[in-house]
Each structure stands twice: as C-alpha cells, then as structure tokens.
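In what follows, a single structure is set out as structure tokens and then discussed.
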Amino acid sequence: MNVIDAIIKRRSHRLLGNHRIVSDEVLEKALFDAIKHTPSSFNAQSQTAMLLLGNQHHQLWEIVLESLRKIVPETQFPKTSKKIKTFDDAYGTILFFDHLEITKNLEDKFPLYRHNIENWVEQQTGMLQSNIWLVLTELGYGASLQHYTELIEEEVKVAFNVPKAWKLIAQMPFGSLIEEPGTKDFLPMNQRFIVKK
C-alpha cells in the first residue's frame, strides 16, 4: 500500500477485534520507525508513544471504565460500559505522551518563540498520531483516537510507571476490523484545496 492509499483507507474504527494481523515484532518495528522519523520542532523529539498489549491493554480500559463509573449516572452507565468494552475488545492500545520538561526547556531556550511552542507541540503530536494511524492502517489494523486523559492520567502514570513529567495526550485502541465504517461526506474540495499558478 502506498501512502496515498493508506491515507484514503484510514478511518475511525470503533468496533475492533483482538485478532493479531502481523507478528508483534513486525508491529513494534513499524511503530519504532514511525516514532523515530516523525518530525518535531527544533528536533526536540518530546513525544513518546507507549504500546500496550495483552493484560496491559486490558488494564488501561479497566482504569477508564472505573474512572467513568465515578462520574457517569448509574442509569447511563450500561451504555458507557458497552462503549468502553469495544475498546477493551481490541488487540492493543497506543498511549501518546509529551515530555513537559523538554517543552519547557524549548520555551526557555527560544524565548522569541515561546508563544508558539505549545502550538508546535500539538502539531508534532498530531503528526505522530497520524503517522502511527497510517502505519496501523498499512498493517491491516483499524484504530480510533480517544481522549480520556484528564480522568485517567494520574492512575495511568502509576499503573504503567510513567514519569510525572510526561503529559498524557491521547489513547489509540487498535485491532482487527469487524466492520467497515459508513460512507463519509466531504465538502466541495474547491473550498479546501486551492491552486494558484
């Protein structure tokens, strides 16, 4: 699959299975390369991705479920639990982090750009998420991007031995495809892509 095919095929898949598509070694190598070669401002490389498989993957979604149990009304919790189970049923999850110390050092080192660095961190995090999503798509996995960060960050840091100076950004469950998503509507492309010669 070439990069354009992967971009076209990449979609949000929320119903995922736990069938292994490629060996974990192939998966880890592909993710390793995507992380290593994703650009970052000033080559700071402040992003980290953590791959959770097996019991570690299930532990994450148990943390999410129990965190939601504390705030979701009891009458609505069965629906919430069903949604979280779709992520837990997947093959694995990738956690995305930013190293706050590296980002702070950039602000101190480049005071002229201080007001832009936070935006650049978000952009490079987005590039990493996109690159990893494309890698998963190319390998045959489906994925989605989730944001339970504020509810779970402290417990995740304890459970997975994450340094306090890392900021949890997002969670990406991935797994085998159960169904294809519906059709996607697009705005007229002349509103989104303009060529001037």
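Numbering starts fresh at 1 for the residues of each chain in the structure tokens, the chains themselves are lettered A, B, ... in the order given, and ligands are numbered from 1 as they appear.
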Which polymer residues have any atom within 9 Å of an atom of A:Ala6, counting only C-alpha atoms, with same-chain residues fewer than 6 positions away left out, as a PyMOL selection string?
chain A and resi 134-135+137-138
Those residues you just picked out, can you put them in a file as a PDB file, in the first residue's frame with C-alpha atoms?
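Contents of out_16.pdb, as written:
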ATOM      1  CA  LEU A 134      -1.297   5.254   8.848  1.00  0.00           C
ATOM      2  CA  VAL A 135       1.183   2.552   9.883  1.00  0.00           C
ATOM      3  CA  THR A 137      -3.784   1.006   8.513  1.00  0.00           C
ATOM      4  CA  GLU A 138      -0.997  -0.258   6.268  1.00  0.00           C
TER       5      GLU A 138
END
Looking only at the backbone, which of the residues in stretch 65-136 of chain A does DSSP tag as strand (DSSP E or B), as a PDB file with C-alpha atoms, in the first residue's frame?
ATOM      1  CA  GLY A  92      -3.919  -3.211  21.823  1.00  0.00           C
ATOM      2  CA  THR A  93      -3.695   0.475  22.648  1.00  0.00           C
ATOM      3  CA  ILE A  94      -1.085   3.140  21.992  1.00  0.00           C
ATOM      4  CA  LEU A  95      -0.721   5.929  24.555  1.00  0.00           C
ATOM      5  CA  PHE A  96       0.676   9.285  23.444  1.00  0.00           C
ATOM      6  CA  PHE A  97       2.726  11.491  25.771  1.00  0.00           C
ATOM      7  CA  ASP A  98       4.571  14.793  25.654  1.00  0.00           C
ATOM      8  CA  HIS A  99       7.660  15.388  27.809  1.00  0.00           C
TER       9      HIS A  99
END
Residue with smallest distance to A:Leu136 - pool A:Ala30, A:Ile117, A:Ile4, A:Leu15, counting only C-alpha atoms
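Once distances to A:Leu136 are computed over only C-alpha atoms, the minimum belongs to A:Ala30.
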Quick one: of A:Tyr113, A:Pro181, A:Leu60, A:Ser81, who's nearest to A:Val156, counting only C-alpha atoms?
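Of A:Tyr113, A:Pro181, A:Leu60, A:Ser81, the one nearest A:Val156 is A:Leu60, counting only C-alpha atoms.
Coordinates place atom CA of A:Ala143 at a distance of 5.2 Å from atom CA of A:His13.
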Which parts of stretch 32-177 of chain A does DSSP call helix (DSSP H, G or I) when run on the backbone here, written out as a PDB file with N, CA and C atoms, in the first residue's frame?
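Resulting contents of states.pdb:
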ATOM      1  N   PHE A  32       8.192   1.736  15.792  1.00  0.00           N
ATOM      2  CA  PHE A  32       9.513   2.282  16.117  1.00  0.00           C
ATOM      3  C   PHE A  32       9.965   3.252  15.029  1.00  0.00           C
ATOM      4  N   ASP A  33       9.855   2.823  13.767  1.00  0.00           N
ATOM      5  CA  ASP A  33      10.292   3.664  12.651  1.00  0.00           C
ATOM      6  C   ASP A  33       9.426   4.913  12.525  1.00  0.00           C
ATOM      7  N   ALA A  34       8.109   4.762  12.720  1.00  0.00           N
ATOM      8  CA  ALA A  34       7.208   5.919  12.624  1.00  0.00           C
ATOM      9  C   ALA A  34       7.533   6.949  13.694  1.00  0.00           C
ATOM     10  N   ILE A  35       7.774   6.484  14.902  1.00  0.00           N
ATOM     11  CA  ILE A  35       8.091   7.396  16.004  1.00  0.00           C
ATOM     12  C   ILE A  35       9.434   8.071  15.767  1.00  0.00           C
ATOM     13  N   LYS A  36      10.425   7.285  15.372  1.00  0.00           N
ATOM     14  CA  LYS A  36      11.779   7.820  15.179  1.00  0.00           C
ATOM     15  C   LYS A  36      11.809   8.911  14.122  1.00  0.00           C
ATOM     16  N   HIS A  37      11.028   8.768  13.066  1.00  0.00           N
ATOM     17  CA  HIS A  37      11.152   9.661  11.915  1.00  0.00           C
ATOM     18  C   HIS A  37      10.045  10.713  11.812  1.00  0.00           C
ATOM     19  N   SER A  41       9.498  20.174  16.250  1.00  0.00           N
ATOM     20  CA  SER A  41      10.122  21.494  16.197  1.00  0.00           C
ATOM     21  C   SER A  41      11.462  21.473  16.919  1.00  0.00           C
ATOM     22  N   PHE A  42      12.463  22.072  16.304  1.00  0.00           N
ATOM     23  CA  PHE A  42      13.834  22.096  16.814  1.00  0.00           C
ATOM     24  C   PHE A  42      14.387  20.689  17.041  1.00  0.00           C
ATOM     25  N   ASN A  43      13.792  19.706  16.375  1.00  0.00           N
ATOM     26  CA  ASN A  43      14.176  18.294  16.560  1.00  0.00           C
ATOM     27  C   ASN A  43      14.176  17.922  18.046  1.00  0.00           C
ATOM     28  N   GLY A  54      -1.975  -7.175  25.388  1.00  0.00           N
ATOM     29  CA  GLY A  54      -2.355  -8.190  26.369  1.00  0.00           C
ATOM     30  C   GLY A  54      -2.964  -7.589  27.631  1.00  0.00           C
ATOM     31  N   ASN A  55      -2.504  -8.060  28.775  1.00  0.00           N
ATOM     32  CA  ASN A  55      -3.063  -7.612  30.052  1.00  0.00           C
ATOM     33  C   ASN A  55      -2.890  -6.122  30.288  1.00  0.00           C
ATOM     34  N   GLN A  56      -1.795  -5.545  29.765  1.00  0.00           N
ATOM     35  CA  GLN A  56      -1.567  -4.109  29.936  1.00  0.00           C
ATOM     36  C   GLN A  56      -2.651  -3.311  29.209  1.00  0.00           C
ATOM     37  N   HIS A  57      -2.994  -3.751  28.019  1.00  0.00           N
ATOM     38  CA  HIS A  57      -4.080  -3.128  27.245  1.00  0.00           C
ATOM     39  C   HIS A  57      -5.390  -3.209  28.018  1.00  0.00           C
ATOM     40  N   HIS A  58      -5.722  -4.379  28.534  1.00  0.00           N
ATOM     41  CA  HIS A  58      -6.981  -4.546  29.274  1.00  0.00           C
ATOM     42  C   HIS A  58      -6.974  -3.719  30.555  1.00  0.00           C
ATOM     43  N   GLN A  59      -5.827  -3.629  31.196  1.00  0.00           N
ATOM     44  CA  GLN A  59      -5.723  -2.842  32.425  1.00  0.00           C
ATOM     45  C   GLN A  59      -6.057  -1.370  32.163  1.00  0.00           C
ATOM     46  N   LEU A  60      -5.582  -0.851  31.039  1.00  0.00           N
ATOM     47  CA  LEU A  60      -5.884   0.548  30.707  1.00  0.00           C
ATOM     48  C   LEU A  60      -7.385   0.775  30.646  1.00  0.00           C
ATOM     49  N   TRP A  61      -8.098  -0.094  29.928  1.00  0.00           N
ATOM     50  CA  TRP A  61      -9.527   0.147  29.735  1.00  0.00           C
ATOM     51  C   TRP A  61     -10.324  -0.149  30.995  1.00  0.00           C
ATOM     52  N   GLU A  62      -9.786  -0.966  31.894  1.00  0.00           N
ATOM     53  CA  GLU A  62     -10.398  -1.135  33.213  1.00  0.00           C
ATOM     54  C   GLU A  62     -10.254   0.160  34.020  1.00  0.00           C
ATOM     55  N   ILE A  63      -9.098   0.805  33.910  1.00  0.00           N
ATOM     56  CA  ILE A  63      -8.891   2.098  34.568  1.00  0.00           C
ATOM     57  C   ILE A  63      -9.886   3.124  34.029  1.00  0.00           C
ATOM     58  N   VAL A  64     -10.056   3.162  32.703  1.00  0.00           N
ATOM     59  CA  VAL A  64     -11.008   4.100  32.103  1.00  0.00           C
ATOM     60  C   VAL A  64     -12.419   3.810  32.606  1.00  0.00           C
ATOM     61  N   LEU A  65     -12.800   2.554  32.593  1.00  0.00           N
ATOM     62  CA  LEU A  65     -14.154   2.175  32.999  1.00  0.00           C
ATOM     63  C   LEU A  65     -14.432   2.577  34.442  1.00  0.00           C
ATOM     64  N   GLU A  66     -13.495   2.266  35.329  1.00  0.00           N
ATOM     65  CA  GLU A  66     -13.705   2.583  36.744  1.00  0.00           C
ATOM     66  C   GLU A  66     -13.677   4.088  36.990  1.00  0.00           C
ATOM     67  N   SER A  67     -12.906   4.820  36.213  1.00  0.00           N
ATOM     68  CA  SER A  67     -12.901   6.282  36.339  1.00  0.00           C
ATOM     69  C   SER A  67     -14.239   6.868  35.895  1.00  0.00           C
ATOM     70  N   LEU A  68     -14.802   6.319  34.836  1.00  0.00           N
ATOM     71  CA  LEU A  68     -16.098   6.787  34.350  1.00  0.00           C
ATOM     72  C   LEU A  68     -17.227   6.403  35.308  1.00  0.00           C
ATOM     73  N   ARG A  69     -17.101   5.255  35.967  1.00  0.00           N
ATOM     74  CA  ARG A  69     -18.128   4.812  36.906  1.00  0.00           C
ATOM     75  C   ARG A  69     -18.360   5.860  38.005  1.00  0.00           C
ATOM     76  N   PHE A  77     -24.796   4.313  32.851  1.00  0.00           N
ATOM     77  CA  PHE A  77     -23.532   3.590  32.869  1.00  0.00           C
ATOM     78  C   PHE A  77     -23.511   2.355  31.964  1.00  0.00           C
ATOM     79  N   PRO A  78     -24.614   1.597  31.822  1.00  0.00           N
ATOM     80  CA  PRO A  78     -24.559   0.448  30.899  1.00  0.00           C
ATOM     81  C   PRO A  78     -24.140   0.837  29.479  1.00  0.00           C
ATOM     82  N   LYS A  79     -24.626   1.972  29.002  1.00  0.00           N
ATOM     83  CA  LYS A  79     -24.244   2.444  27.662  1.00  0.00           C
ATOM     84  C   LYS A  79     -22.757   2.800  27.626  1.00  0.00           C
ATOM     85  N   THR A  80     -22.292   3.474  28.678  1.00  0.00           N
ATOM     86  CA  THR A  80     -20.876   3.829  28.783  1.00  0.00           C
ATOM     87  C   THR A  80     -20.007   2.583  28.828  1.00  0.00           C
ATOM     88  N   SER A  81     -20.422   1.617  29.628  1.00  0.00           N
ATOM     89  CA  SER A  81     -19.663   0.367  29.775  1.00  0.00           C
ATOM     90  C   SER A  81     -19.566  -0.374  28.443  1.00  0.00           C
ATOM     91  N   LYS A  82     -20.652  -0.371  27.694  1.00  0.00           N
ATOM     92  CA  LYS A  82     -20.660  -1.037  26.383  1.00  0.00           C
ATOM     93  C   LYS A  82     -19.664  -0.374  25.428  1.00  0.00           C
ATOM     94  N   LYS A  83     -19.613   0.960  25.477  1.00  0.00           N
ATOM     95  CA  LYS A  83     -18.677   1.684  24.616  1.00  0.00           C
ATOM     96  C   LYS A  83     -17.236   1.348  24.984  1.00  0.00           C
ATOM     97  N   ILE A  84     -16.916   1.358  26.270  1.00  0.00           N
ATOM     98  CA  ILE A  84     -15.548   1.072  26.707  1.00  0.00           C
ATOM     99  C   ILE A  84     -15.172  -0.364  26.366  1.00  0.00           C
ATOM    100  N   LYS A  85     -16.136  -1.274  26.417  1.00  0.00           N
ATOM    101  CA  LYS A  85     -15.846  -2.672  26.074  1.00  0.00           C
ATOM    102  C   LYS A  85     -15.389  -2.800  24.625  1.00  0.00           C
ATOM    103  N   THR A  86     -15.890  -1.933  23.730  1.00  0.00           N
ATOM    104  CA  THR A  86     -15.451  -2.017  22.332  1.00  0.00           C
ATOM    105  C   THR A  86     -13.956  -1.706  22.212  1.00  0.00           C
ATOM    106  N   PHE A  87     -13.448  -0.826  23.077  1.00  0.00           N
ATOM    107  CA  PHE A  87     -12.015  -0.519  23.068  1.00  0.00           C
ATOM    108  C   PHE A  87     -11.227  -1.639  23.734  1.00  0.00           C
ATOM    109  N   ASP A  88     -11.768  -2.171  24.807  1.00  0.00           N
ATOM    110  CA  ASP A  88     -11.102  -3.264  25.524  1.00  0.00           C
ATOM    111  C   ASP A  88     -11.034  -4.524  24.659  1.00  0.00           C
ATOM    112  N   LEU A 100       6.996  17.200  29.262  1.00  0.00           N
ATOM    113  CA  LEU A 100       6.831  18.598  29.639  1.00  0.00           C
ATOM    114  C   LEU A 100       8.162  19.294  29.880  1.00  0.00           C
ATOM    115  N   GLU A 101       9.127  18.562  30.400  1.00  0.00           N
ATOM    116  CA  GLU A 101      10.436  19.169  30.664  1.00  0.00           C
ATOM    117  C   GLU A 101      11.119  19.607  29.372  1.00  0.00           C
ATOM    118  N   ILE A 102      11.028  18.789  28.345  1.00  0.00           N
ATOM    119  CA  ILE A 102      11.628  19.148  27.060  1.00  0.00           C
ATOM    120  C   ILE A 102      10.936  20.376  26.485  1.00  0.00           C
ATOM    121  N   THR A 103       9.607  20.394  26.564  1.00  0.00           N
ATOM    122  CA  THR A 103       8.850  21.527  26.049  1.00  0.00           C
ATOM    123  C   THR A 103       9.194  22.806  26.820  1.00  0.00           C
ATOM    124  N   LYS A 104       9.288  22.715  28.133  1.00  0.00           N
ATOM    125  CA  LYS A 104       9.652  23.881  28.953  1.00  0.00           C
ATOM    126  C   LYS A 104      11.055  24.365  28.604  1.00  0.00           C
ATOM    127  N   ASN A 105      11.979  23.438  28.395  1.00  0.00           N
ATOM    128  CA  ASN A 105      13.344  23.818  28.017  1.00  0.00           C
ATOM    129  C   ASN A 105      13.370  24.560  26.685  1.00  0.00           C
ATOM    130  N   LEU A 106      12.505  24.142  25.757  1.00  0.00           N
ATOM    131  CA  LEU A 106      12.424  24.850  24.476  1.00  0.00           C
ATOM    132  C   LEU A 106      11.957  26.282  24.683  1.00  0.00           C
ATOM    133  N   GLU A 107      10.970  26.457  25.541  1.00  0.00           N
ATOM    134  CA  GLU A 107      10.467  27.798  25.807  1.00  0.00           C
ATOM    135  C   GLU A 107      11.560  28.683  26.406  1.00  0.00           C
ATOM    136  N   ASP A 108      12.363  28.097  27.291  1.00  0.00           N
ATOM    137  CA  ASP A 108      13.451  28.853  27.914  1.00  0.00           C
ATOM    138  C   ASP A 108      14.578  29.133  26.918  1.00  0.00           C
ATOM    139  N   LYS A 109      14.856  28.169  26.063  1.00  0.00           N
ATOM    140  CA  LYS A 109      15.966  28.293  25.120  1.00  0.00           C
ATOM    141  C   LYS A 109      15.643  29.233  23.965  1.00  0.00           C
ATOM    142  N   PRO A 111      13.139  32.026  23.729  1.00  0.00           N
ATOM    143  CA  PRO A 111      12.083  32.897  24.260  1.00  0.00           C
ATOM    144  C   PRO A 111      11.320  33.655  23.180  1.00  0.00           C
ATOM    145  N   LEU A 112      11.974  33.924  22.063  1.00  0.00           N
ATOM    146  CA  LEU A 112      11.298  34.631  20.979  1.00  0.00           C
ATOM    147  C   LEU A 112      10.092  33.838  20.454  1.00  0.00           C
ATOM    148  N   TYR A 113      10.184  32.512  20.532  1.00  0.00           N
ATOM    149  CA  TYR A 113       9.126  31.638  20.006  1.00  0.00           C
ATOM    150  C   TYR A 113       8.249  31.040  21.101  1.00  0.00           C
ATOM    151  N   ARG A 114       8.425  31.511  22.332  1.00  0.00           N
ATOM    152  CA  ARG A 114       7.724  30.913  23.478  1.00  0.00           C
ATOM    153  C   ARG A 114       6.220  30.768  23.225  1.00  0.00           C
ATOM    154  N   HIS A 115       5.613  31.807  22.672  1.00  0.00           N
ATOM    155  CA  HIS A 115       4.157  31.777  22.482  1.00  0.00           C
ATOM    156  C   HIS A 115       3.722  30.780  21.406  1.00  0.00           C
ATOM    157  N   ASN A 116       4.655  30.309  20.590  1.00  0.00           N
ATOM    158  CA  ASN A 116       4.310  29.347  19.528  1.00  0.00           C
ATOM    159  C   ASN A 116       4.602  27.905  19.902  1.00  0.00           C
ATOM    160  N   ILE A 117       5.448  27.688  20.877  1.00  0.00           N
ATOM    161  CA  ILE A 117       5.945  26.327  21.133  1.00  0.00           C
ATOM    162  C   ILE A 117       4.833  25.376  21.523  1.00  0.00           C
ATOM    163  N   GLU A 118       3.875  25.831  22.315  1.00  0.00           N
ATOM    164  CA  GLU A 118       2.763  24.950  22.685  1.00  0.00           C
ATOM    165  C   GLU A 118       1.984  24.505  21.458  1.00  0.00           C
ATOM    166  N   ASN A 119       1.771  25.434  20.520  1.00  0.00           N
ATOM    167  CA  ASN A 119       1.093  25.064  19.269  1.00  0.00           C
ATOM    168  C   ASN A 119       1.913  24.060  18.480  1.00  0.00           C
ATOM    169  N   TRP A 120       3.227  24.261  18.443  1.00  0.00           N
ATOM    170  CA  TRP A 120       4.083  23.338  17.697  1.00  0.00           C
ATOM    171  C   TRP A 120       4.083  21.948  18.331  1.00  0.00           C
ATOM    172  N   VAL A 121       4.024  21.902  19.653  1.00  0.00           N
ATOM    173  CA  VAL A 121       3.947  20.609  20.343  1.00  0.00           C
ATOM    174  C   VAL A 121       2.671  19.877  19.929  1.00  0.00           C
ATOM    175  N   GLU A 122       1.558  20.605  19.878  1.00  0.00           N
ATOM    176  CA  GLU A 122       0.303  19.981  19.448  1.00  0.00           C
ATOM    177  C   GLU A 122       0.403  19.491  18.009  1.00  0.00           C
ATOM    178  N   GLN A 123       1.058  20.287  17.162  1.00  0.00           N
ATOM    179  CA  GLN A 123       1.192  19.889  15.759  1.00  0.00           C
ATOM    180  C   GLN A 123       2.051  18.639  15.614  1.00  0.00           C
ATOM    181  N   GLN A 124       3.172  18.582  16.336  1.00  0.00           N
ATOM    182  CA  GLN A 124       4.023  17.399  16.191  1.00  0.00           C
ATOM    183  C   GLN A 124       3.375  16.178  16.817  1.00  0.00           C
ATOM    184  N   THR A 125       2.581  16.383  17.876  1.00  0.00           N
ATOM    185  CA  THR A 125       1.827  15.260  18.440  1.00  0.00           C
ATOM    186  C   THR A 125       0.809  14.756  17.423  1.00  0.00           C
ATOM    187  N   GLY A 126       0.146  15.693  16.740  1.00  0.00           N
ATOM    188  CA  GLY A 126      -0.805  15.302  15.699  1.00  0.00           C
ATOM    189  C   GLY A 126      -0.136  14.550  14.564  1.00  0.00           C
ATOM    190  N   MET A 127       1.070  14.989  14.178  1.00  0.00           N
ATOM    191  CA  MET A 127       1.800  14.276  13.118  1.00  0.00           C
ATOM    192  C   MET A 127       2.142  12.866  13.556  1.00  0.00           C
ATOM    193  N   LEU A 128       2.560  12.710  14.821  1.00  0.00           N
ATOM    194  CA  LEU A 128       2.892  11.378  15.320  1.00  0.00           C
ATOM    195  C   LEU A 128       1.663  10.483  15.337  1.00  0.00           C
ATOM    196  N   GLN A 129       0.550  11.009  15.824  1.00  0.00           N
ATOM    197  CA  GLN A 129      -0.682  10.225  15.845  1.00  0.00           C
ATOM    198  C   GLN A 129      -1.092   9.815  14.431  1.00  0.00           C
ATOM    199  N   SER A 130      -1.012  10.762  13.497  1.00  0.00           N
ATOM    200  CA  SER A 130      -1.374  10.462  12.116  1.00  0.00           C
ATOM    201  C   SER A 130      -0.440   9.422  11.513  1.00  0.00           C
ATOM    202  N   ASN A 131       0.857   9.586  11.720  1.00  0.00           N
ATOM    203  CA  ASN A 131       1.813   8.621  11.170  1.00  0.00           C
ATOM    204  C   ASN A 131       1.570   7.220  11.722  1.00  0.00           C
ATOM    205  N   ILE A 132       1.340   7.132  13.011  1.00  0.00           N
ATOM    206  CA  ILE A 132       1.092   5.818  13.613  1.00  0.00           C
ATOM    207  C   ILE A 132      -0.213   5.235  13.103  1.00  0.00           C
ATOM    208  N   TRP A 133      -1.227   6.059  12.961  1.00  0.00           N
ATOM    209  CA  TRP A 133      -2.505   5.587  12.438  1.00  0.00           C
ATOM    210  C   TRP A 133      -2.342   5.046  11.021  1.00  0.00           C
ATOM    211  N   LEU A 134      -1.543   5.727  10.209  1.00  0.00           N
ATOM    212  CA  LEU A 134      -1.297   5.254   8.848  1.00  0.00           C
ATOM    213  C   LEU A 134      -0.520   3.936   8.852  1.00  0.00           C
ATOM    214  N   VAL A 135       0.439   3.816   9.760  1.00  0.00           N
ATOM    215  CA  VAL A 135       1.183   2.552   9.883  1.00  0.00           C
ATOM    216  C   VAL A 135       0.237   1.411  10.250  1.00  0.00           C
ATOM    217  N   LEU A 136      -0.631   1.653  11.212  1.00  0.00           N
ATOM    218  CA  LEU A 136      -1.602   0.614  11.610  1.00  0.00           C
ATOM    219  C   LEU A 136      -2.498   0.242  10.439  1.00  0.00           C
ATOM    220  N   THR A 137      -2.935   1.250   9.683  1.00  0.00           N
ATOM    221  CA  THR A 137      -3.784   1.006   8.513  1.00  0.00           C
ATOM    222  C   THR A 137      -3.046   0.151   7.493  1.00  0.00           C
ATOM    223  N   GLU A 138      -1.786   0.498   7.240  1.00  0.00           N
ATOM    224  CA  GLU A 138      -0.997  -0.258   6.268  1.00  0.00           C
ATOM    225  C   GLU A 138      -0.803  -1.708   6.704  1.00  0.00           C
ATOM    226  N   LEU A 139      -0.688  -1.927   8.015  1.00  0.00           N
ATOM    227  CA  LEU A 139      -0.518  -3.292   8.527  1.00  0.00           C
ATOM    228  C   LEU A 139      -1.817  -4.090   8.516  1.00  0.00           C
ATOM    229  N   THR A 149      -8.055  11.437  28.872  1.00  0.00           N
ATOM    230  CA  THR A 149      -6.826  11.837  29.541  1.00  0.00           C
ATOM    231  C   THR A 149      -7.025  12.379  30.949  1.00  0.00           C
ATOM    232  N   GLU A 150      -7.866  13.381  31.110  1.00  0.00           N
ATOM    233  CA  GLU A 150      -7.994  14.029  32.406  1.00  0.00           C
ATOM    234  C   GLU A 150      -8.522  13.084  33.473  1.00  0.00           C
ATOM    235  N   LEU A 151      -9.345  12.133  33.061  1.00  0.00           N
ATOM    236  CA  LEU A 151      -9.904  11.182  34.024  1.00  0.00           C
ATOM    237  C   LEU A 151      -8.884  10.166  34.504  1.00  0.00           C
ATOM    238  N   ILE A 152      -7.939   9.816  33.667  1.00  0.00           N
ATOM    239  CA  ILE A 152      -7.111   8.637  33.938  1.00  0.00           C
ATOM    240  C   ILE A 152      -5.629   8.916  34.092  1.00  0.00           C
ATOM    241  N   GLU A 153      -5.183  10.137  33.823  1.00  0.00           N
ATOM    242  CA  GLU A 153      -3.743  10.386  33.695  1.00  0.00           C
ATOM    243  C   GLU A 153      -2.951   9.947  34.929  1.00  0.00           C
ATOM    244  N   GLU A 154      -3.394  10.332  36.107  1.00  0.00           N
ATOM    245  CA  GLU A 154      -2.609  10.004  37.300  1.00  0.00           C
ATOM    246  C   GLU A 154      -2.548   8.506  37.545  1.00  0.00           C
ATOM    247  N   GLU A 155      -3.663   7.825  37.365  1.00  0.00           N
ATOM    248  CA  GLU A 155      -3.667   6.380  37.576  1.00  0.00           C
ATOM    249  C   GLU A 155      -2.852   5.653  36.503  1.00  0.00           C
ATOM    250  N   VAL A 156      -2.896   6.148  35.283  1.00  0.00           N
ATOM    251  CA  VAL A 156      -2.090   5.572  34.201  1.00  0.00           C
ATOM    252  C   VAL A 156      -0.605   5.698  34.519  1.00  0.00           C
ATOM    253  N   LYS A 157      -0.209   6.834  35.040  1.00  0.00           N
ATOM    254  CA  LYS A 157       1.204   7.036  35.372  1.00  0.00           C
ATOM    255  C   LYS A 157       1.677   6.031  36.414  1.00  0.00           C
ATOM    256  N   VAL A 158       0.831   5.758  37.389  1.00  0.00           N
ATOM    257  CA  VAL A 158       1.180   4.778  38.424  1.00  0.00           C
ATOM    258  C   VAL A 158       1.182   3.371  37.837  1.00  0.00           C
ATOM    259  N   ALA A 159       0.133   3.028  37.104  1.00  0.00           N
ATOM    260  CA  ALA A 159      -0.033   1.668  36.593  1.00  0.00           C
ATOM    261  C   ALA A 159       1.069   1.262  35.624  1.00  0.00           C
TER     262      ALA A 159
END
Long-range neighbours of A:Ile21 as a short mmCIF file (atom, residue, chain, number, x, y, z; two decimals) with N, CA and C atoms, in the first residue's frame, 8 Å cut-off, only C-alpha atoms, 2 positions minimum in chain:
data_model
loop_
_atom_site.label_atom_id
_atom_site.label_comp_id
_atom_site.auth_asym_id
_atom_site.auth_seq_id
_atom_site.Cartn_x
_atom_site.Cartn_y
_atom_site.Cartn_z
N HIS A 19 -7.91 -10.04 16.94
CA HIS A 19 -7.13 -10.95 16.08
C HIS A 19 -5.81 -10.28 15.70
N SER A 23 2.86 -10.18 13.25
CA SER A 23 3.55 -10.50 14.50
C SER A 23 3.78 -9.23 15.30
N LEU A 139 -0.69 -1.93 8.02
CA LEU A 139 -0.52 -3.29 8.53
C LEU A 139 -1.82 -4.09 8.52
N GLY A 140 -2.96 -3.39 8.32
CA GLY A 140 -4.24 -4.09 8.27
C GLY A 140 -5.09 -3.91 9.51
N TYR A 141 -4.65 -3.07 10.44
CA TYR A 141 -5.42 -2.82 11.66
C TYR A 141 -6.33 -1.60 11.48
N SER A 176 -8.20 -5.81 14.89
CA SER A 176 -8.67 -6.34 13.61
C SER A 176 -10.03 -5.71 13.27
#
Nearest to A:Ala90 by atom-to-atom distance, counting only C-alpha atoms, from A:Arg14, A:Lys29, A:His147, A:Lys70
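Comparing A:Arg14, A:Lys29, A:His147, A:Lys70 against A:Ala90, the winner is A:Arg14.
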